[in-house]
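Reproduced below: coords-v3.csv, with CSV, C-alpha atoms.
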```csv
chain,number,residue,atom,x,y,z
A,1,MET,CA,29.1,55.5,-69.1
A,2,THR,CA,27.5,55.2,-72.5
A,3,TYR,CA,25.5,53.0,-74.7
A,4,CYS,CA,26.0,52.6,-78.4
A,5,LEU,CA,24.4,50.1,-80.8
A,6,ALA,CA,24.7,49.2,-84.5
A,7,ILE,CA,22.3,46.9,-86.3
A,8,ALA,CA,23.0,45.2,-89.7
A,9,ALA,CA,19.9,44.4,-91.8
A,10,GLU,CA,19.8,43.2,-95.4
A,11,THR,CA,18.5,46.6,-96.5
A,12,GLY,CA,20.9,48.8,-94.5
A,13,LEU,CA,22.4,49.8,-91.2
A,14,VAL,CA,21.1,51.5,-88.1
A,15,PHE,CA,23.2,53.3,-85.5
A,16,ILE,CA,22.2,54.8,-82.1
A,17,SER,CA,24.1,56.4,-79.3
A,18,ASP,CA,23.5,58.4,-76.2
A,19,SER,CA,25.4,61.5,-75.3
A,20,ARG,CA,25.9,61.4,-71.6
A,21,THR,CA,29.4,61.1,-70.2
A,22,ASN,CA,28.9,62.1,-66.6
A,23,ALA,CA,25.8,61.9,-64.4
A,24,GLY,CA,26.8,63.1,-61.0
A,25,VAL,CA,24.4,64.6,-58.5
A,26,ASP,CA,25.2,68.2,-59.4
A,27,MET,CA,26.7,67.9,-62.9
A,28,VAL,CA,25.6,66.2,-66.1
A,29,SER,CA,28.0,66.3,-69.1
A,30,THR,CA,27.1,65.4,-72.6
A,31,TYR,CA,29.3,64.8,-75.7
A,32,SER,CA,28.3,63.3,-79.0
A,33,LYS,CA,29.6,59.8,-79.6
A,34,MET,CA,28.5,59.4,-83.2
A,35,TYR,CA,30.6,60.6,-86.1
A,36,ALA,CA,30.1,60.5,-89.8
A,37,PHE,CA,32.7,60.4,-92.6
A,38,GLY,CA,32.4,59.8,-96.3
A,39,ILE,CA,32.6,60.7,-100.0
A,40,PRO,CA,29.1,60.8,-101.6
A,41,GLY,CA,28.8,58.2,-104.3
A,42,GLU,CA,31.9,56.3,-103.1
A,43,ARG,CA,31.8,55.5,-99.4
A,44,GLN,CA,30.0,56.3,-96.2
A,45,PHE,CA,31.0,55.6,-92.6
A,46,THR,CA,29.5,56.0,-89.1
A,47,ILE,CA,31.7,55.7,-86.0
A,48,LEU,CA,30.4,55.2,-82.5
A,49,THR,CA,32.6,55.5,-79.4
A,50,SER,CA,32.7,54.4,-75.8
A,51,GLY,CA,35.3,54.2,-73.0
A,52,ASN,CA,37.8,56.8,-72.1
A,53,LEU,CA,36.6,60.1,-73.6
A,54,ALA,CA,40.0,61.6,-74.0
A,55,THR,CA,41.2,58.6,-76.0
A,56,SER,CA,38.1,58.4,-78.2
A,57,GLN,CA,38.3,62.2,-79.0
A,58,SER,CA,42.0,61.8,-79.8
A,59,VAL,CA,41.2,59.0,-82.2
A,60,ILE,CA,38.5,61.0,-83.9
A,61,SER,CA,40.7,64.0,-84.2
A,62,ARG,CA,43.5,61.9,-85.7
A,63,ILE,CA,41.0,60.5,-88.3
A,64,LYS,CA,40.0,64.1,-89.2
A,65,ARG,CA,43.7,65.2,-89.4
A,66,ASP,CA,44.6,62.2,-91.6
A,67,ILE,CA,41.8,63.1,-94.0
A,68,LYS,CA,43.1,66.6,-94.5
A,69,LYS,CA,46.6,65.3,-95.4
A,70,THR,CA,46.9,65.0,-99.2
A,71,SER,CA,47.7,61.5,-100.6
A,72,HIS,CA,47.8,60.1,-97.0
A,73,ASP,CA,46.6,56.8,-95.7
A,74,CYS,CA,43.2,57.5,-94.1
A,75,ILE,CA,39.7,56.3,-93.6
A,76,LEU,CA,38.7,57.6,-97.0
A,77,THR,CA,41.5,55.7,-98.9
A,78,ARG,CA,41.3,52.2,-97.5
A,79,GLU,CA,39.9,49.7,-100.0
A,80,HIS,CA,37.8,47.4,-97.8
A,81,MET,CA,35.8,47.7,-94.6
A,82,THR,CA,38.2,45.4,-92.8
A,83,ASP,CA,41.0,47.8,-93.7
A,84,VAL,CA,39.0,50.6,-92.1
A,85,ALA,CA,38.5,48.6,-88.9
A,86,GLU,CA,42.3,47.8,-88.9
A,87,TYR,CA,43.1,51.5,-89.4
A,88,ILE,CA,40.9,52.6,-86.4
A,89,GLY,CA,42.5,49.8,-84.3
A,90,GLU,CA,46.0,51.0,-85.2
A,91,ILE,CA,45.5,54.7,-84.3
A,92,SER,CA,43.5,53.7,-81.2
A,93,ARG,CA,46.5,51.7,-79.9
A,94,GLU,CA,48.8,54.6,-80.7
A,95,GLU,CA,46.7,57.1,-78.9
A,96,GLN,CA,46.4,54.8,-75.9
A,97,GLU,CA,50.1,54.5,-75.7
A,98,LYS,CA,50.5,58.3,-75.7
A,99,ALA,CA,48.0,58.7,-72.9
A,100,SER,CA,49.1,55.7,-70.8
A,101,ALA,CA,49.5,56.5,-67.1
A,102,PRO,CA,49.5,54.4,-63.9
A,103,ASN,CA,46.1,53.5,-62.5
A,104,ILE,CA,44.3,55.2,-65.4
A,105,ASN,CA,42.1,53.3,-67.8
A,106,VAL,CA,42.6,54.9,-71.2
A,107,GLN,CA,40.9,52.2,-73.2
A,108,SER,CA,38.2,53.0,-75.8
A,109,PHE,CA,35.9,50.9,-77.9
A,110,PHE,CA,34.7,51.7,-81.4
A,111,ILE,CA,32.0,50.6,-83.7
A,112,ILE,CA,32.6,51.4,-87.4
A,113,GLY,CA,29.9,50.7,-89.9
A,114,GLY,CA,29.3,51.7,-93.5
A,115,GLN,CA,29.8,50.8,-97.2
A,116,ILE,CA,32.5,51.2,-99.8
A,117,ARG,CA,31.4,51.4,-103.4
A,118,ASP,CA,29.8,48.1,-104.6
A,119,GLN,CA,30.8,46.2,-101.5
A,120,ARG,CA,28.2,45.0,-99.0
A,121,PRO,CA,27.5,47.3,-96.0
A,122,ALA,CA,29.3,46.0,-92.8
A,123,ILE,CA,29.7,46.7,-89.1
A,124,PHE,CA,32.7,46.1,-87.0
A,125,MET,CA,33.5,46.5,-83.3
A,126,VAL,CA,37.1,47.5,-82.6
A,127,TYR,CA,38.6,46.5,-79.3
A,128,PRO,CA,41.2,48.6,-77.4
A,129,GLN,CA,43.9,46.0,-78.4
A,130,GLY,CA,43.2,46.8,-82.1
A,131,ASN,CA,41.5,43.5,-83.0
A,132,TYR,CA,37.9,43.5,-84.2
A,133,ILE,CA,34.7,41.4,-84.8
A,134,SER,CA,31.9,41.8,-87.2
A,135,THR,CA,28.2,41.0,-87.3
A,136,SER,CA,26.9,37.7,-88.8
A,137,SER,CA,23.7,36.0,-89.7
A,138,ASP,CA,23.4,34.8,-86.1
A,139,THR,CA,24.5,38.1,-84.5
A,140,THR,CA,23.0,41.0,-86.4
A,141,TYR,CA,24.0,43.7,-84.0
A,142,LEU,CA,27.0,45.0,-82.0
A,143,GLN,CA,27.0,47.0,-78.7
A,144,ILE,CA,29.5,48.9,-76.7
A,145,GLY,CA,29.2,50.6,-73.4
A,146,GLU,CA,26.3,49.7,-71.0
A,147,SER,CA,25.0,46.9,-73.2
A,148,LYS,CA,23.1,44.5,-70.9
A,149,TYR,CA,19.9,46.4,-70.3
A,150,GLY,CA,19.1,46.9,-73.9
A,151,LYS,CA,19.9,43.4,-75.1
A,152,PRO,CA,16.6,41.4,-74.6
A,153,ILE,CA,14.5,43.3,-77.2
A,154,LEU,CA,17.3,42.9,-79.8
A,155,ASP,CA,17.6,39.1,-79.2
A,156,ARG,CA,13.8,38.7,-79.5
A,157,ILE,CA,13.1,40.8,-82.6
A,158,LEU,CA,16.1,41.2,-84.8
A,159,THR,CA,16.8,39.0,-87.8
A,160,PRO,CA,18.8,39.7,-90.9
A,161,ASP,CA,15.6,40.3,-92.9
A,162,VAL,CA,14.0,42.9,-90.6
A,163,SER,CA,13.1,46.2,-92.2
A,164,LEU,CA,15.1,49.3,-91.4
A,165,GLU,CA,12.1,50.8,-89.7
A,166,THR,CA,11.8,47.8,-87.4
A,167,ALA,CA,15.5,47.9,-86.7
A,168,ALA,CA,15.4,51.6,-85.9
A,169,MET,CA,12.4,51.0,-83.5
A,170,CYS,CA,14.3,48.2,-81.8
A,171,ALA,CA,17.3,50.5,-81.4
A,172,LEU,CA,15.1,53.2,-79.7
A,173,VAL,CA,13.4,50.7,-77.4
A,174,SER,CA,16.8,49.2,-76.5
A,175,MET,CA,18.1,52.7,-75.7
A,176,ASP,CA,14.9,53.4,-73.6
A,177,SER,CA,15.4,50.2,-71.6
A,178,THR,CA,19.0,51.2,-70.9
A,179,MET,CA,18.2,54.7,-69.9
A,180,ARG,CA,15.5,53.4,-67.5
A,181,SER,CA,18.0,51.1,-65.7
A,182,ASN,CA,21.1,53.2,-65.8
A,183,LEU,CA,21.2,56.9,-65.1
A,184,SER,CA,24.6,57.3,-66.6
A,185,VAL,CA,23.0,56.8,-70.0
A,186,GLY,CA,20.8,59.6,-71.3
A,187,PRO,CA,19.8,62.1,-74.0
A,188,PRO,CA,20.5,63.6,-76.4
A,189,ILE,CA,20.0,60.4,-78.3
A,190,GLU,CA,21.4,60.3,-81.9
A,191,LEU,CA,20.0,57.9,-84.5
A,192,SER,CA,21.3,57.3,-88.0
A,193,VAL,CA,19.7,55.1,-90.6
A,194,TYR,CA,21.7,54.1,-93.7
A,195,ASP,CA,20.1,52.5,-96.8
A,196,ALA,CA,22.2,49.9,-98.5
A,197,GLY,CA,23.7,51.1,-101.8
A,198,ALA,CA,22.8,54.7,-101.2
A,199,LEU,CA,26.5,55.8,-100.6
A,200,GLN,CA,25.0,59.0,-99.2
A,201,PRO,CA,24.9,60.2,-95.6
A,202,GLY,CA,22.2,58.3,-93.6
A,203,ARG,CA,19.0,59.8,-92.3
A,204,TYR,CA,20.0,61.5,-89.0
A,205,TYR,CA,17.7,62.1,-86.0
A,206,ARG,CA,18.5,63.7,-82.7
A,207,PHE,CA,16.2,63.3,-79.6
A,208,ASP,CA,16.8,65.8,-76.8
A,209,GLU,CA,15.8,65.5,-73.2
A,210,ASP,CA,12.4,67.1,-73.8
A,211,SER,CA,11.7,65.0,-77.0
A,212,GLU,CA,8.0,64.3,-77.3
A,213,HIS,CA,8.8,61.2,-79.3
A,214,LEU,CA,11.0,59.7,-76.6
A,215,ARG,CA,8.2,60.4,-74.0
A,216,GLN,CA,5.6,58.7,-76.2
A,217,LEU,CA,7.9,55.8,-76.8
A,218,LYS,CA,8.6,55.3,-73.1
A,219,LYS,CA,4.9,55.6,-72.2
A,220,SER,CA,3.7,53.2,-74.9
A,221,TRP,CA,6.4,50.6,-74.3
A,222,ASP,CA,5.7,50.6,-70.5
A,223,LYS,CA,2.0,50.2,-71.1
A,224,LEU,CA,2.4,47.4,-73.7
A,225,LEU,CA,4.8,45.5,-71.4
A,226,LYS,CA,2.3,45.7,-68.5
A,227,ASP,CA,-0.6,44.6,-70.7
A,228,ALA,CA,1.5,41.7,-72.1
A,229,PHE,CA,2.4,40.6,-68.5
A,230,LYS,CA,-1.2,40.6,-67.5
A,231,LYS,CA,-2.0,38.2,-70.4
A,232,LEU,CA,0.6,35.6,-69.5
A,233,PRO,CA,-0.9,32.2,-68.7
A,234,PRO,CA,-1.3,31.6,-64.9
A,235,VAL,CA,1.2,29.5,-63.1
A,236,ALA,CA,-0.1,26.0,-62.4
A,237,TRP,CA,1.0,25.9,-58.8
A,238,SER,CA,1.6,22.4,-57.4
A,239,SER,CA,-0.4,21.9,-54.2
A,240,THR,CA,2.7,20.6,-52.5
A,241,TRP,CA,4.4,23.9,-52.9
A,242,ASP,CA,2.2,25.5,-50.3
A,243,ARG,CA,2.5,22.8,-47.6
A,244,THR,CA,4.6,23.2,-44.6
A,245,GLU,CA,5.9,20.5,-42.3
A,246,GLU,CA,4.3,20.5,-38.9
A,247,SER,CA,6.8,20.6,-36.1
A,248,GLY,CA,6.6,17.8,-33.9
```

Mind turning this structure into structure tokens?
Amino acid sequence: MTYCLAIAAETGLVFISDSRTNAGVDMVSTYSKMYAFGIPGERQFTILTSGNLATSQSVISRIKRDIKKTSHDCILTREHMTDVAEYIGEISREEQEKASAPNINVQSFFIIGGQIRDQRPAIFMVYPQGNYISTSSDTTYLQIGESKYGKPILDRILTPDVSLETAAMCALVSMDSTMRSNLSVGPPIELSVYDAGALQPGRYYRFDEDSEHLRQLKKSWDKLLKDAFKKLPPVAWSSTWDRTEESG
């Protein structure tokens, strides 16, 4: 399993992904699920993947091959972010059809985010069927993979006007919560922060299994949660709740 998250703020975009693809008792496998493409000064993209690893790797390989073809339709030639989302959906469907087999789930999900020239930065989630959705003022983030455990902090903190620093911290806490509740999600953790209008590769960070920052984050978050819980107002128990009927 995996967990990937993209956050859209007024000042830019934040992307985070884990790298674990298998977490058996005697074998742990890791593969990067974050990919960057772009032309400095013109466009920048980040792609996150989840689902069938063979399909997602085939799609990424296809994107790279298309880029190398001269005067060919590719991720670097599409005019709008919606066109890029459609392109990924198209090749995803094609790769799924090639790999289709009985009783095998070959579906993959993708998050594509970035900016083209003077257009606004945008994030889209592309479904296996090729259709897609985008963020909005009400939903400022998109998730793929094991999404439920990391959702509460996002719903409580994120708004369109949050700073990129706050968005990045929310992403890390969301990932920490997911890793704590699901062993199939784990390091290395990749984080990318893109400043709106930069049209340059985003700031990239990688946190390995022995990352001191991840340890401190987990320790601090656990302590703050426990401290907050202790400060909750007491429950005003009704006296009738403790009564039991005497048998007769």

Exercise: segment 91-101 of chain A partners within 6 Å, all atoms listed in the file, chain neighbours under 3 positions left out, as a list of chain:residue names: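 The neighbour list is A:Val59, A:Ile88, A:Ile104.
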
For Gln129 of chain A: contacts at 9 Å, all atoms listed in the file, fewer than 3 positions along chain excluded, given as a list of chain:residue names: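 Close residues of Gln129 of chain A: A:Gly89, A:Glu90, A:Ser92, A:Arg93, A:Gln107, A:Val126, A:Tyr132.
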
Coordinates-based distance that separates atom CA of Ser174 of chain A from atom CA of Pro201 of chain A (Å, one decimal): 23.5 Å

For Lys33 of chain A, the nearest of the candidates A:Cys74, A:Leu154, A:Leu183, A:Ile111, counting all atoms listed in the file: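 Once distances to Lys33 of chain A are computed over all atoms listed in the file, the minimum belongs to A:Ile111.
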
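Comparing A:Leu172, A:Val193, A:Ala228, A:Asp73 by their smallest distance to Gln216 of chain A, the closest is A:Leu172 (using all atoms listed in the file).
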
Test item: which residues lie within 12 Å of (34.5, 61.5, -93.3) counting all atoms listed in the file, as a ChimeraX atom specification: /A:34-40,42-47,60-68,74-77,84,112,114,200-201

Ser177 of chain A environment, 12 Å, all atoms listed in the file, sequence neighbours closer than 2 positions dropped, as a PyMOL selection string: chain A and resi 3+146-154+170-175+179-183+185-186+214+217-219+221-222+225

Output C-alpha atoms of each residue in that selection to a file, as a compact mmCIF listing (two decimals), in the frame of the given file.
```txt
# COMPACT_ATOMS: atom_id res chain seq x y z
CA TYR A 3 25.50 53.00 -74.70
CA GLU A 146 26.30 49.70 -71.00
CA SER A 147 25.00 46.90 -73.20
CA LYS A 148 23.10 44.50 -70.90
CA TYR A 149 19.90 46.40 -70.30
CA GLY A 150 19.10 46.90 -73.90
CA LYS A 151 19.90 43.40 -75.10
CA PRO A 152 16.60 41.40 -74.60
CA ILE A 153 14.50 43.30 -77.20
CA LEU A 154 17.30 42.90 -79.80
CA CYS A 170 14.30 48.20 -81.80
CA ALA A 171 17.30 50.50 -81.40
CA LEU A 172 15.10 53.20 -79.70
CA VAL A 173 13.40 50.70 -77.40
CA SER A 174 16.80 49.20 -76.50
CA MET A 175 18.10 52.70 -75.70
CA MET A 179 18.20 54.70 -69.90
CA ARG A 180 15.50 53.40 -67.50
CA SER A 181 18.00 51.10 -65.70
CA ASN A 182 21.10 53.20 -65.80
CA LEU A 183 21.20 56.90 -65.10
CA VAL A 185 23.00 56.80 -70.00
CA GLY A 186 20.80 59.60 -71.30
CA LEU A 214 11.00 59.70 -76.60
CA LEU A 217 7.90 55.80 -76.80
CA LYS A 218 8.60 55.30 -73.10
CA LYS A 219 4.90 55.60 -72.20
CA TRP A 221 6.40 50.60 -74.30
CA ASP A 222 5.70 50.60 -70.50
CA LEU A 225 4.80 45.50 -71.40
```

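Nearest residue to Pro187 of chain A among A:Ile16, A:Leu48, A:Ile123, A:Val162 is A:Ile16, counting only C-alpha atoms.
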
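Here atom CA of Tyr194 of chain A and atom CA of Gly12 of chain A stand 5.4 Å from one another.
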
Residue contacts of Asp195 of chain A (9 Å, only C-alpha atoms) excluding same-chain residues fewer than 2 positions away, as a PyMOL selection string: chain A and resi 11-14+164+193+197-200+202-203

Coordinates-based distance that separates atom CA of Lys223 of chain A from atom CA of Ala236 of chain A (Å, one decimal): 25.8 Å

Counting only C-alpha atoms, the option among A:Ser19, A:Thr55, A:Gln143, A:Asn105 closest to Cys4 of chain A: A:Gln143

Long-range neighbours of Thr139 of chain A as a list in words, 12 Å cut-off, only C-alpha atoms, 3 positions minimum in chain: Ala6, Ile7, Ala8, Ala9, Ile123, Phe124, Ile133, Ser134, Thr135, Ser136, Leu142, Gln143, Lys151, Leu154, Asp155, Arg156, Ile157, Leu158, Thr159 and Pro160 of chain A

Export of the given selection (C-alpha atoms) as a compact mmCIF listing (two decimals), in the frame of the given file:
```txt
# COMPACT_ATOMS: atom_id res chain seq x y z
CA ALA A 6 24.70 49.20 -84.50
CA ILE A 7 22.30 46.90 -86.30
CA ALA A 8 23.00 45.20 -89.70
CA ALA A 9 19.90 44.40 -91.80
CA ILE A 123 29.70 46.70 -89.10
CA PHE A 124 32.70 46.10 -87.00
CA ILE A 133 34.70 41.40 -84.80
CA SER A 134 31.90 41.80 -87.20
CA THR A 135 28.20 41.00 -87.30
CA SER A 136 26.90 37.70 -88.80
CA LEU A 142 27.00 45.00 -82.00
CA GLN A 143 27.00 47.00 -78.70
CA LYS A 151 19.90 43.40 -75.10
CA LEU A 154 17.30 42.90 -79.80
CA ASP A 155 17.60 39.10 -79.20
CA ARG A 156 13.80 38.70 -79.50
CA ILE A 157 13.10 40.80 -82.60
CA LEU A 158 16.10 41.20 -84.80
CA THR A 159 16.80 39.00 -87.80
CA PRO A 160 18.80 39.70 -90.90
```

Minimum-distance residue to Tyr205 of chain A, chosen among A:Val106, A:Val235, A:Glu86, A:Phe15 (using all atoms listed in the file):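 Comparing A:Val106, A:Val235, A:Glu86, A:Phe15 against Tyr205 of chain A, the winner is A:Phe15.
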
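Candidate residues A:Ile189, A:Leu53, A:Ala196, A:Leu232 were compared for distance to His213 of chain A, and the nearest is A:Ile189, using all atoms listed in the file.
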
Will you give me segment 199-237 of chain A, written with C-alpha atoms and laid out as a PDB file, in the first residue's frame?
```
ATOM      1  CA  LEU A 199       8.540  27.783 -12.558  1.00  0.00           C
ATOM      2  CA  GLN A 200      11.582  26.055 -11.105  1.00  0.00           C
ATOM      3  CA  PRO A 201      11.862  22.637  -9.425  1.00  0.00           C
ATOM      4  CA  GLY A 202      10.385  22.677  -5.955  1.00  0.00           C
ATOM      5  CA  ARG A 203      12.360  22.358  -2.742  1.00  0.00           C
ATOM      6  CA  TYR A 204      12.887  18.637  -2.269  1.00  0.00           C
ATOM      7  CA  TYR A 205      13.413  16.768   1.003  1.00  0.00           C
ATOM      8  CA  ARG A 206      13.900  13.065   1.701  1.00  0.00           C
ATOM      9  CA  PHE A 207      13.460  11.528   5.149  1.00  0.00           C
ATOM     10  CA  ASP A 208      14.932   8.052   5.609  1.00  0.00           C
ATOM     11  CA  GLU A 209      14.090   5.434   8.226  1.00  0.00           C
ATOM     12  CA  ASP A 210      16.663   6.858  10.656  1.00  0.00           C
ATOM     13  CA  SER A 211      15.668  10.495  10.089  1.00  0.00           C
ATOM     14  CA  GLU A 212      16.103  12.528  13.266  1.00  0.00           C
ATOM     15  CA  HIS A 213      13.474  14.988  12.041  1.00  0.00           C
ATOM     16  CA  LEU A 214      10.861  12.230  11.675  1.00  0.00           C
ATOM     17  CA  ARG A 215      11.701  10.940  15.170  1.00  0.00           C
ATOM     18  CA  GLN A 216      11.360  14.401  16.702  1.00  0.00           C
ATOM     19  CA  LEU A 217       8.142  15.063  14.806  1.00  0.00           C
ATOM     20  CA  LYS A 218       6.585  11.812  16.015  1.00  0.00           C
ATOM     21  CA  LYS A 219       7.729  12.376  19.611  1.00  0.00           C
ATOM     22  CA  SER A 220       6.492  15.983  19.708  1.00  0.00           C
ATOM     23  CA  TRP A 221       3.157  15.210  18.045  1.00  0.00           C
ATOM     24  CA  ASP A 222       2.470  12.299  20.413  1.00  0.00           C
ATOM     25  CA  LYS A 223       3.225  14.458  23.460  1.00  0.00           C
ATOM     26  CA  LEU A 224       1.139  17.400  22.253  1.00  0.00           C
ATOM     27  CA  LEU A 225      -1.835  15.132  21.547  1.00  0.00           C
ATOM     28  CA  LYS A 226      -1.649  13.615  25.027  1.00  0.00           C
ATOM     29  CA  ASP A 227      -1.303  17.059  26.644  1.00  0.00           C
ATOM     30  CA  ALA A 228      -4.301  18.362  24.680  1.00  0.00           C
ATOM     31  CA  PHE A 229      -6.371  15.317  25.655  1.00  0.00           C
ATOM     32  CA  LYS A 230      -5.651  15.899  29.342  1.00  0.00           C
ATOM     33  CA  LYS A 231      -6.900  19.491  29.027  1.00  0.00           C
ATOM     34  CA  LEU A 232     -10.272  18.566  27.561  1.00  0.00           C
ATOM     35  CA  PRO A 233     -13.244  19.673  29.711  1.00  0.00           C
ATOM     36  CA  PRO A 234     -14.581  16.865  31.944  1.00  0.00           C
ATOM     37  CA  VAL A 235     -17.652  14.988  30.876  1.00  0.00           C
ATOM     38  CA  ALA A 236     -20.698  16.088  32.870  1.00  0.00           C
ATOM     39  CA  TRP A 237     -21.983  12.620  33.659  1.00  0.00           C
TER      40      TRP A 237
END
```
